[in-house]
Amino acid sequence: MIIKGSAHVFGDHINTDYIISGKHKSRMTDLKQMAEYLMEDIRPGFYKEIRPGDFIVGGINFGCGSSRETAPWVIKEAGIAAVIAKSFARIFFRNAINIGLPVLVADIDSIQEGDELQLDIDKGKIKNLTRSFTLTTTALPPFVQKILDAGGMKSYFNAHPNFDL
Amino acid sequence: MGMTLAEKIFSKHAGREVKAGEIIIADLDAMMTHDANRPVALDIFREFKGTKLCDPEKVVQIIDHHFPAPGETNANVHRQMRQFKEKMGGILYEGEGICHMVMPEKGHVLPGDLVVGSDSHTCTYGAIGAFSAGVGSTDIGVAMISGKLWFMVPETIKMNIVGTLPKGIFAKDVILHIIASVTANGATYKSVEFTGPVIDSFSMDARFTLSNMAVEMGAKSGLIAPDQTTISWVENHRPRRKYNPQVPDPDAEYSQEITFDVSTLSPYVAKPHLVDNGVPIEELTGTPISQGNIASCTASRIEDLRIAAKILKGKKIAPGIRFLVVPGSKEVLQTALKEDLISIFVDAGASVKSPSCAGCSGGASFGVPANEEVVITTGNRNFQGRLGNPNAYIYLASPATVAASVLEGKIADPRQYFQK
């Protein structure tokens, strides 16, 4: 699958409270409605800047903090096609795979805000169309890749209720 | 080569010998979920066509983040959880306190267990020698149906805590110091084993504080090998089943071993807005505060309240300061009432709330600071907006430091109260 979109660049240690703050999460249950508050505490108005297919680019430890699965959900519901980061926090990574949001590890230092990226998920390549270079993403463990390929844990578990490793 | 504590527990639950790096399917002893998750785990259970719980004894729902309900959405989520319990069975607690206090207190988590919870601080149970990890709603939904989950067996960092802890310095100072040293992602994907003479001397309350914050350095679990202190505590809390404590082999293979000598440690305080921003208190004394919180699954246990009460007894907090006390569980509150600790706090000027996640989780809508205000708290996260306002500043500290600080209205060194 090949996706084209703009890069929205965030720093290191973007925690799940920043992705969706507890105060908004607690007063609603609709994930689409919640998506309007994506990153609101650190970048007000961010939701309105997103075009479907865009990417979030993060530094180290993206998604640290609370285990809220709401965090990858609001990213997905806001139209973000994938998150590319230097590294991910463990629970966020697992939640993202479970809901079918691609999370890719790459050395993102040379990507700048607004760069047009073309992501080839199957080949693990990110082409920066603005600056003409290509990055390679770190391959997922095969079992984790299977869950993502199925579109997330729901389809995977329906087909494999005993988790075929 | 021997096995780490994590490898031992995973081997027992996978039914074969497993090593760090392997992806495995393992049986779970318990799975916990609470009311702050969106989607709620029970939604996943239904969506994944769950028809019955894998084992009703293993499934624990806890209403703690928004209790009593501050808004209609929360109230309706609570009702949904109660209805699910009525229909599907399992165990439900509400008003008993914070999930990570209630799970061990009620005997649901035992030494040698493998447990998951839909909360990042599920790593708290590492203190009783259970491998426990935070996951999301989907994983809990799957676990409720199948009774098992997939895991990558983690490598382990051994943290050896040595020396003699000076007076006025507590487990919270130790863990803030460790996190500042290894950074917020210094243990990502790994298990941590806390060991050494300081750990041996720690009470269970102190150990829970330590294990609770393992996730703040990225760790999957923060384990302490069970000893006599552990077993006595567990036996005093009515274990719900037989258990099989595990300890690491002496020749286990660790990815890293780090020694911390705490003999000269100062009280530690983490500055806004990152948990690994910890510094010795000398760098911060005198910083004006607006509010002090004793709350959260990190440090609102009976020992934490005793330490704070010792400092506050017969005194008044500084004028214009708010002081919030949220005992972590009903068990803690009842003990605190018997020991007259609550009256010490109230006399000093505290607002005391019923056991819950209030005072730490921003979703609780309790004690939200105003713009530019500074809060010092015994909680675990100082992220921007964590307490409900992104324009406030949160400092993390021990219960002693919070108590000393509300008396002076500024960040204050608690060691002066422990000299005798």
# chains A, B, ... in the order shown; residues from 1 in each chain; ligands from 1
call {"tool": "residues_around", "arguments": {"residues": "stretch 327-336 of chain B", "least_positions_apart": "6", "cutoff": "12 Å", "atoms": "only C-alpha atoms", "output": "PyMOL selection string"}}
result
chain B and resi 62-65+67+93-106+205+237+293-309+342-345+351-360+378-379+399
call {"tool": "closest_atom_pairs", "arguments": {"of": "chain A", "to": "chain B", "cutoff": "6 Å", "atoms": "only C-alpha atoms", "output": "CSV"}}
result
residue,atom,partner,partner_atom,distance
A:Gly22,CA,B:Gly363,CA,4.3
A:Lys23,CA,B:Gly363,CA,4.3
A:Ser26,CA,B:Gly363,CA,5.1
A:Arg27,CA,B:Thr73,CA,5.5
A:Asp41,CA,B:Pro390,CA,5.7
A:Ser66,CA,B:Ser120,CA,5.1
A:Ser67,CA,B:Ser120,CA,4.7
A:Glu69,CA,B:Gly136,CA,5.1
A:Thr70,CA,B:Arg38,CA,5.6
A:Arg90,CA,B:Tyr189,CA,5.8
A:Ile91,CA,B:Val135,CA,5.7
A:Asn95,CA,B:Gly136,CA,5.8
call {"tool": "residues_around", "arguments": {"residues": "stretch 117-123 of chain A", "least_positions_apart": "5", "cutoff": "10 Å", "atoms": "only C-alpha atoms", "output": "VMD selection string"}}
result
chain A and resid 1 to 7 53 to 55 81 to 82 84 102 to 104 111 128 to 137 139 149
call {"tool": "select_by_dssp", "arguments": {"residues": "stretch 99-299 of chain B", "states": "strand (DSSP E)", "output": "ChimeraX atom specification"}}
result
/B:114-117,131-134,148-152,156-162,191-195,221-223,256-261,268-270,278-280,291-294
call {"tool": "write_last_selection", "arguments": {"atoms": "C-alpha atoms", "output": "tab-separated table (two decimals), in the first residue's frame"}}
result
chain	number	residue	atom	x	y	z
B	114	LEU	CA	0.95	-13.01	35.23
B	115	VAL	CA	-1.57	-10.17	35.15
B	116	VAL	CA	-2.63	-7.49	32.68
B	117	GLY	CA	-4.63	-4.33	33.24
B	131	PHE	CA	4.65	-9.89	36.30
B	132	SER	CA	2.01	-7.31	35.50
B	133	ALA	CA	1.84	-5.09	32.46
B	134	GLY	CA	-0.40	-2.34	31.19
B	148	LYS	CA	-4.50	-15.50	27.36
B	149	LEU	CA	-2.48	-12.97	25.39
B	150	TRP	CA	0.66	-12.74	23.30
B	151	PHE	CA	3.79	-11.26	24.84
B	152	MET	CA	7.35	-10.62	23.89
B	156	THR	CA	15.69	-7.42	32.17
B	157	ILE	CA	17.64	-4.54	33.69
B	158	LYS	CA	18.75	-5.31	37.23
B	159	MET	CA	18.74	-2.26	39.50
B	160	ASN	CA	20.66	-2.78	42.68
B	161	ILE	CA	19.75	-0.23	45.37
B	162	VAL	CA	22.47	-0.04	48.03
B	191	SER	CA	11.50	-5.59	32.64
B	192	VAL	CA	13.21	-4.07	35.66
B	193	GLU	CA	14.22	-6.10	38.73
B	194	PHE	CA	14.74	-3.94	41.81
B	195	THR	CA	17.04	-5.62	44.29
B	221	SER	CA	7.11	-4.34	34.59
B	222	GLY	CA	9.01	-3.37	37.76
B	223	LEU	CA	9.62	-6.58	39.66
B	256	GLN	CA	22.20	-4.30	32.04
B	257	GLU	CA	23.00	-4.02	35.75
B	258	ILE	CA	22.94	-0.62	37.43
B	259	THR	CA	23.79	0.15	41.06
B	260	PHE	CA	22.34	3.15	42.88
B	261	ASP	CA	23.89	4.14	46.21
B	268	TYR	CA	13.99	14.41	44.74
B	269	VAL	CA	11.50	16.53	42.82
B	270	ALA	CA	10.57	16.15	39.13
B	278	GLY	CA	14.06	15.07	38.59
B	279	VAL	CA	16.53	17.18	40.55
B	280	PRO	CA	17.69	17.31	44.19
B	291	GLN	CA	-1.61	23.52	45.74
B	292	GLY	CA	-0.28	20.29	47.23
B	293	ASN	CA	-1.80	16.86	46.49
B	294	ILE	CA	-1.37	13.60	48.36
call {"tool": "atom_distance", "arguments": {"atom1": "atom CA of B:Pro250", "atom2": "atom CA of B:Gly21"}}
result
20.1 Å
call {"tool": "select_by_dssp", "arguments": {"residues": "stretch 248-310 of chain B", "states": "helix (DSSP H, G or I)", "output": "number ranges by chain"}}
result
B: 281-283, 302-310
